[in-house]
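Source file: query20.cif; contents: mmCIF, C-alpha atoms.
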```cif
data_my_file
loop_
_atom_site.label_atom_id
_atom_site.label_comp_id
_atom_site.auth_asym_id
_atom_site.auth_seq_id
_atom_site.Cartn_x
_atom_site.Cartn_y
_atom_site.Cartn_z
CA MET A 208 33.33 -50.42 -13.65
CA LYS A 209 30.57 -52.35 -15.43
CA LYS A 210 29.15 -53.51 -12.12
CA SER A 211 29.06 -49.95 -10.81
CA LEU A 212 27.35 -48.67 -13.94
CA THR A 213 24.73 -51.40 -13.65
CA ILE A 214 23.98 -50.43 -10.09
CA LEU A 215 23.83 -46.76 -10.94
CA LEU A 216 21.56 -47.16 -13.93
CA ALA A 217 19.09 -49.18 -11.92
CA LEU A 218 18.99 -46.52 -9.25
CA PHE A 219 18.77 -43.64 -11.72
CA ILE A 220 15.76 -45.07 -13.49
CA ALA A 221 13.82 -46.86 -10.79
CA GLY A 222 15.09 -45.35 -7.56
CA VAL A 223 13.76 -46.23 -4.14
CA THR A 224 10.42 -44.53 -3.86
CA LEU A 225 9.15 -43.44 -0.48
CA SER A 226 5.53 -44.40 -0.12
CA GLU A 227 3.06 -42.00 1.38
CA ALA A 228 2.31 -44.47 4.17
CA GLN A 229 5.81 -43.98 5.63
CA ASN A 230 5.09 -40.42 6.67
CA THR A 231 4.57 -39.97 10.41
CA LYS A 232 3.61 -36.28 10.26
CA LYS A 233 -0.12 -35.73 10.08
CA PRO A 234 -1.27 -32.38 8.60
CA SER A 235 -4.94 -31.52 8.11
CA SER A 236 -7.17 -34.28 6.82
CA SER A 237 -7.87 -32.57 3.46
CA VAL A 238 -4.18 -31.94 2.80
CA THR A 239 -3.31 -35.46 3.92
CA LYS A 240 -5.89 -36.92 1.60
CA GLN A 241 -4.76 -34.90 -1.42
CA ARG A 242 -1.03 -35.44 -0.97
CA ARG A 243 -1.59 -39.14 -0.30
CA THR A 244 -3.74 -39.54 -3.40
CA GLU A 245 -1.34 -37.66 -5.67
CA THR A 246 1.76 -39.35 -4.24
CA ARG A 247 0.29 -42.82 -4.67
CA ALA A 248 -0.73 -41.96 -8.22
CA GLY A 249 2.77 -40.65 -8.91
CA ASN A 250 4.32 -43.83 -7.49
CA LYS A 251 2.19 -45.98 -9.81
CA GLU A 252 3.31 -43.95 -12.81
CA LEU A 253 6.92 -44.10 -11.64
CA LYS A 254 6.81 -47.90 -11.49
CA LYS A 255 5.64 -47.91 -15.10
CA ASN A 256 8.49 -45.53 -16.05
CA ASN A 257 5.91 -42.90 -16.99
CA TYR A 258 8.10 -40.17 -15.55
CA SER A 259 6.24 -37.17 -16.97
CA ASN A 260 2.95 -38.35 -15.48
CA ALA A 261 4.71 -39.08 -12.20
CA VAL A 262 6.11 -35.51 -12.10
CA THR A 263 2.63 -34.11 -12.63
CA HIS A 264 1.20 -36.05 -9.66
CA TYR A 265 4.11 -35.22 -7.34
CA ARG A 266 3.75 -31.55 -8.17
CA GLN A 267 0.10 -31.77 -7.21
CA ALA A 268 1.09 -33.40 -3.95
CA LEU A 269 3.61 -30.63 -3.27
CA HIS A 270 1.04 -28.03 -4.22
CA ALA A 271 -1.06 -29.40 -1.40
CA ASP A 272 1.91 -29.65 0.97
CA SER A 273 5.15 -28.03 -0.24
CA GLY A 274 7.08 -29.49 2.70
CA TYR A 275 6.13 -33.08 2.02
CA ALA A 276 9.52 -34.86 1.96
CA LYS A 277 8.39 -38.03 0.22
CA ALA A 278 6.89 -36.15 -2.71
CA GLN A 279 10.09 -34.07 -2.92
CA TYR A 280 12.27 -37.18 -2.95
CA ASN A 281 10.14 -39.16 -5.40
CA ASN A 282 9.86 -36.13 -7.66
CA GLY A 283 13.66 -36.11 -7.77
CA ILE A 284 13.59 -39.72 -8.99
CA ALA A 285 11.02 -38.87 -11.67
CA HIS A 286 13.05 -35.91 -12.95
CA ASN A 287 16.15 -38.08 -12.96
CA GLY A 288 14.26 -40.59 -15.11
CA LEU A 289 13.66 -37.74 -17.56
CA ASN A 290 17.43 -36.99 -17.53
CA GLN A 291 16.70 -33.64 -15.90
CA SER A 292 19.66 -33.73 -13.55
CA ASP A 293 19.42 -30.20 -12.19
CA SER A 294 15.73 -30.61 -11.30
CA ALA A 295 16.45 -33.99 -9.71
CA LEU A 296 19.20 -32.48 -7.56
CA HIS A 297 16.88 -29.64 -6.59
CA TYR A 298 14.24 -32.00 -5.21
CA TYR A 299 16.78 -34.31 -3.55
CA SER A 300 18.25 -31.26 -1.82
CA ARG A 301 14.81 -30.19 -0.62
CA ALA A 302 14.22 -33.69 0.71
CA TYR A 303 17.43 -34.09 2.75
CA ASN A 304 17.19 -30.51 4.05
CA ASN A 305 13.56 -31.03 5.07
CA GLY A 306 13.18 -30.96 8.84
CA ASN A 307 10.22 -33.31 8.61
CA ALA A 308 12.21 -35.95 6.68
CA THR A 309 13.32 -39.11 8.44
CA ASP A 310 16.95 -40.24 8.57
CA LYS A 311 16.11 -42.90 5.99
CA GLU A 312 14.64 -40.31 3.65
CA ARG A 313 17.65 -38.01 4.04
CA GLU A 314 20.05 -40.93 3.54
CA GLN A 315 18.36 -41.99 0.29
CA ALA A 316 18.16 -38.39 -0.93
CA HIS A 317 21.90 -37.87 -0.37
CA TYR A 318 22.70 -41.21 -1.97
CA ASN A 319 20.62 -40.55 -5.10
CA ALA A 320 22.04 -37.01 -5.37
CA GLY A 321 25.51 -38.61 -5.31
CA ASN A 322 24.43 -40.89 -8.13
CA VAL A 323 23.34 -37.93 -10.24
CA HIS A 324 26.70 -36.21 -9.79
CA LEU A 325 28.59 -39.44 -10.48
CA ARG A 326 26.59 -40.02 -13.63
CA LYS A 327 27.65 -36.57 -14.87
CA ALA A 328 31.29 -37.39 -14.18
CA LEU A 329 31.03 -40.74 -15.95
CA ALA A 330 29.36 -39.14 -18.96
CA ALA A 331 32.23 -36.64 -19.23
CA ARG A 332 34.75 -39.44 -18.87
CA ASN A 333 33.11 -41.49 -21.63
CA GLU A 334 33.56 -38.50 -23.94
CA GLY A 335 37.24 -38.21 -23.05
CA GLY A 336 36.74 -35.36 -20.58
CA TYR A 337 37.12 -34.92 -16.84
CA ASP A 338 34.59 -33.41 -14.41
CA PRO A 339 36.25 -33.02 -10.99
CA GLN A 340 33.41 -30.84 -9.65
CA SER A 341 30.82 -33.56 -10.17
CA LEU A 342 33.14 -36.18 -8.68
CA SER A 343 33.77 -34.06 -5.60
CA ALA A 344 30.04 -33.39 -5.20
CA ALA A 345 29.27 -37.11 -5.54
CA ILE A 346 31.85 -37.96 -2.88
CA GLU A 347 30.35 -35.47 -0.43
CA GLU A 348 26.82 -36.78 -1.04
CA TYR A 349 27.90 -40.39 -0.47
CA LYS A 350 29.69 -39.39 2.72
CA GLU A 351 26.52 -37.71 3.99
CA ALA A 352 24.51 -40.83 3.20
CA LEU A 353 27.04 -42.97 5.08
CA ARG A 354 26.93 -40.65 8.09
CA LEU A 355 23.24 -41.43 8.29
CA ASN A 356 23.69 -45.15 7.55
CA SER A 357 27.22 -46.53 7.62
CA LYS A 358 25.94 -49.92 6.36
CA ASN A 359 24.76 -48.57 3.00
CA LYS A 360 26.86 -50.87 0.79
CA GLU A 361 25.85 -49.14 -2.45
CA ALA A 362 27.01 -45.79 -1.07
CA GLN A 363 30.28 -47.39 0.08
CA HIS A 364 30.85 -48.92 -3.34
CA ASN A 365 30.05 -45.77 -5.32
CA LEU A 366 32.12 -43.62 -2.95
CA SER A 367 35.10 -45.85 -3.65
CA LEU A 368 34.44 -45.64 -7.37
CA ALA A 369 34.22 -41.84 -7.33
CA LYS A 370 37.51 -41.59 -5.43
CA GLN A 371 39.21 -43.88 -7.92
CA LEU A 372 38.08 -41.64 -10.78
CA LEU A 373 39.71 -38.59 -9.19
CA ARG A 374 43.06 -37.63 -10.65
CA PRO A 375 46.10 -37.79 -8.34
CA ASP A 376 46.23 -34.02 -7.90
CA GLN A 377 42.61 -34.01 -6.73
CA GLN A 378 43.14 -36.96 -4.40
CA ASN A 379 46.05 -35.16 -2.67
CA GLY A 380 43.92 -32.16 -1.85
CA GLY A 381 45.35 -29.55 -4.21
CA GLY A 382 47.54 -26.59 -3.26
CA GLN A 383 51.25 -26.46 -3.79
CA ASN A 384 51.50 -30.24 -4.02
CA ASN A 385 49.04 -30.16 -6.90
CA GLN A 386 51.20 -27.71 -8.83
CA GLN A 387 54.30 -29.76 -8.13
CA ASN A 388 52.53 -32.91 -9.26
CA GLN A 389 51.35 -31.17 -12.39
CA ASP A 390 54.86 -29.88 -13.10
CA GLN A 391 56.31 -33.34 -12.55
CA GLN A 392 53.71 -34.89 -14.80
CA GLN A 393 54.38 -32.28 -17.47
CA ASN A 394 58.14 -32.79 -17.20
CA GLN A 395 57.69 -36.53 -17.41
CA GLN A 396 55.45 -36.16 -20.44
CA ASN A 397 58.03 -33.88 -22.09
CA GLN A 398 60.82 -36.35 -21.31
CA ASP A 399 58.77 -39.24 -22.63
CA GLN A 400 58.05 -37.30 -25.81
CA GLN A 401 61.73 -36.44 -26.25
CA ASN A 402 62.70 -40.09 -25.76
CA LYS A 403 60.05 -41.13 -28.21
CA ASP A 404 61.24 -38.56 -30.77
CA LYS A 405 64.84 -39.71 -30.33
CA GLN A 406 63.85 -43.35 -30.77
CA ASN A 407 61.90 -42.48 -33.89
CA LYS A 408 64.83 -40.49 -35.28
CA ASP A 409 67.29 -43.28 -34.49
CA GLN A 410 65.03 -45.78 -36.14
CA GLN A 411 64.66 -43.56 -39.19
CA ASN A 412 68.44 -43.19 -39.43
CA LYS A 413 68.89 -46.93 -39.07
CA ASP A 414 66.27 -47.60 -41.72
CA GLN A 415 67.95 -45.09 -44.04
CA GLN A 416 71.36 -46.69 -43.48
CA ASN A 417 69.92 -50.13 -44.22
CA LYS A 418 68.27 -48.74 -47.32
CA ASP A 419 71.52 -47.11 -48.48
CA GLN A 420 73.44 -50.32 -47.88
CA GLN A 421 70.87 -52.31 -49.82
CA ASN A 422 70.98 -49.80 -52.67
CA GLN A 423 74.78 -49.95 -52.70
CA GLN A 424 74.70 -53.75 -52.77
CA ASN A 425 72.20 -53.67 -55.61
CA GLN A 426 74.35 -51.18 -57.50
CA ASN A 427 77.48 -53.29 -56.94
CA GLN A 428 75.67 -56.36 -58.18
CA GLN A 429 74.48 -54.50 -61.26
CA ASN A 430 78.01 -53.27 -61.93
CA GLN A 431 79.37 -56.79 -61.49
CA ASP A 432 76.75 -58.22 -63.81
CA GLN A 433 77.55 -55.55 -66.40
CA GLN A 434 81.29 -56.21 -66.07
CA ASN A 435 80.76 -59.96 -66.42
CA LYS A 436 78.67 -59.36 -69.50
CA GLN A 437 81.34 -57.13 -71.02
CA ASP A 438 84.09 -59.64 -70.13
CA LYS A 439 82.15 -62.45 -71.72
CA LYS A 440 81.56 -60.39 -74.84
CA LYS A 441 85.24 -59.49 -75.04
CA GLN A 442 86.27 -63.12 -74.59
CA GLU A 443 83.96 -64.15 -77.42
CA GLN A 444 85.40 -61.41 -79.63
CA ASN A 445 88.98 -62.47 -78.81
CA ARG A 446 88.12 -66.08 -79.60
CA ARG A 447 86.73 -65.12 -82.99
CA GLU A 448 89.74 -62.94 -83.77
CA ALA A 449 92.13 -65.74 -82.78
CA GLU A 450 90.22 -68.20 -84.92
CA GLN A 451 90.38 -65.80 -87.87
CA MET A 452 94.11 -65.35 -87.36
CA LEU A 453 94.66 -69.12 -87.24
CA ASN A 454 92.67 -69.61 -90.40
CA ALA A 455 94.68 -66.85 -92.13
CA MET A 456 97.94 -68.36 -91.01
CA LYS A 457 96.88 -71.77 -92.25
CA ASN A 458 95.95 -70.32 -95.64
CA ASN A 459 99.27 -68.51 -95.85
CA GLU A 460 101.17 -71.68 -95.05
CA GLN A 461 99.30 -73.60 -97.70
CA GLN A 462 99.99 -70.88 -100.27
CA THR A 463 103.66 -70.80 -99.35
CA MET A 464 104.02 -74.60 -99.59
CA LYS A 465 102.31 -74.59 -102.97
CA ALA A 466 104.64 -71.88 -104.28
CA VAL A 467 107.71 -73.80 -103.08
CA ARG A 468 106.57 -76.99 -104.75
CA MET A 469 105.81 -75.24 -107.97
CA LYS A 470 109.27 -73.70 -107.94
CA GLU A 471 110.98 -77.03 -107.32
CA ALA A 472 108.95 -78.71 -110.07
CA GLY A 473 110.09 -76.03 -112.54
CA LYS A 474 113.71 -76.66 -111.68
CA GLU A 475 113.28 -80.37 -112.26
CA ARG A 476 111.70 -79.84 -115.70
CA ARG A 477 114.52 -77.60 -116.75
CA LYS A 478 117.01 -80.31 -115.77
CA GLY A 479 115.05 -82.82 -117.81
CA ASN A 480 113.70 -84.69 -114.86
CA LEU A 481 110.16 -85.49 -115.45
CA GLY A 482 109.41 -86.22 -111.90
CA ARG A 483 105.84 -86.31 -110.81
CA ILE A 484 104.56 -83.14 -109.49
CA GLU A 485 102.85 -83.89 -106.25
CA LYS A 486 99.36 -82.70 -106.02
CA ASP A 487 98.58 -80.23 -103.30
CA TRP A 488 95.88 -81.76 -101.35
#
```
Re-express the file's structure as structure tokens.
Amino acid sequence: MKKSLTILLALFIAGVTLSEAQNTKKPSSSVTKQRRTETRAGNKELKKNNYSNAVTHYRQALHADSGYAKAQYNNGIAHNGLNQSDSALHYYSRAYNNGNATDKEREQAHYNAGNVHLRKALAARNEGGYDPQSLSAAIEEYKEALRLNSKNKEAQHNLSLAKQLLRPDQQNGGGQNNQQNQDQQQNQQNQDQQNKDKQNKDQQNKDQQNKDQQNQQNQNQQNQDQQNKQDKKKQEQNRREAEQMLNAMKNNEQQTMKAVRMKEAGKERRKGNLGRIEKDW
């Protein structure tokens, strides 16, 4: 693609000018002199990319001789340099339909007209559009150029490029097959969209399930942590209660032992035994 664009841009801007000296038809001397002078002046301006000045000189040449093919052709190049595609095509058409034009002149006029149409199609494509009319016109112009010179490699290359840019329905020639192809393409697009929607929905469901499972796991873990915390707290409370009960029991035992000893000591005193009362440690 880049190679083709490079070739096209060079031809759009510079073109292949047809010098006045190539003309074999000899009108009157005054007309010949004027058209030659103006055409040469236009060619000089064209080489400098001064397209507006070139157009002025070619118009003067055509004013002197409206059927002068070389001025028509070169004027097409100048207008193309000004991005005036319609005017360029007008003068190219005049050149290749000119009975006084040579085969070389007609070949170059067809070829450059094809380039103008192809440039329109490429511009539409770069903007995301599609211009089948310009592509078809470019193809026809290149074919005409190749009929005049089958060895024109640039025309062969650009013809191939233009055909590649055609959509399948255009390449097949249209008609019922075109409608069938369009229907098939539409059905395929619908099926692809349905498959894509289903995949997206399945993925969303899967993501939601994974999310729910993760949330459930998190909730279970939180519940477990809370239960462990409560169990630990309860164990600590039971330990304290048991310790309190043991301490109470120990105190009760000590009090009971003391009371028993005191009672036995009283009995001994009443009997006259002065036994030592053991101290409760």
Fill in: Residues matched by the PyMOL selection byres ((chain A and resi 278-288) around 8), written as a PyMOL selection string
chain A and resi 219-222+224-225+246+250+253+256+258-259+261-262+265-266+268-269+274-277+289-292+294-299+301-302+312+316+323
Discussion item. When you count all atoms listed in the file, which of these residues is closest to A:Arg332: A:Arg374, A:Lys350, A:Asn319, A:Glu314?
Written reply: A:Arg374
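A straight line drawn from atom CA of A:Glu471 to atom CA of A:Asn458 is 20.2 Å long.
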Discussion item. Which residues, named as in the file, does the PyMOL selection byres ((chain A and resi 344) around 12) pick out? Answer as a ChimeraX atom specification.
Written reply: /A:296,317-328,338-343,345-351,366,369-370,373
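What separates atom CA of A:Gln429 from atom CA of A:Asn412 is a distance of 25.3 Å.
Atom CA of A:Arg243 to atom CA of A:His270 spans 12.1 Å [interatomic distance, one decimal].
If you count only C-alpha atoms and ignore residues fewer than 2 places along the chain from A:Arg313, what sits within 8 Å of it is Ala302, Tyr303, Asn304, Ala308, Thr309, Asp310, Lys311, Gln315, Ala316, His317, Ala352 and Leu355 of chain A.
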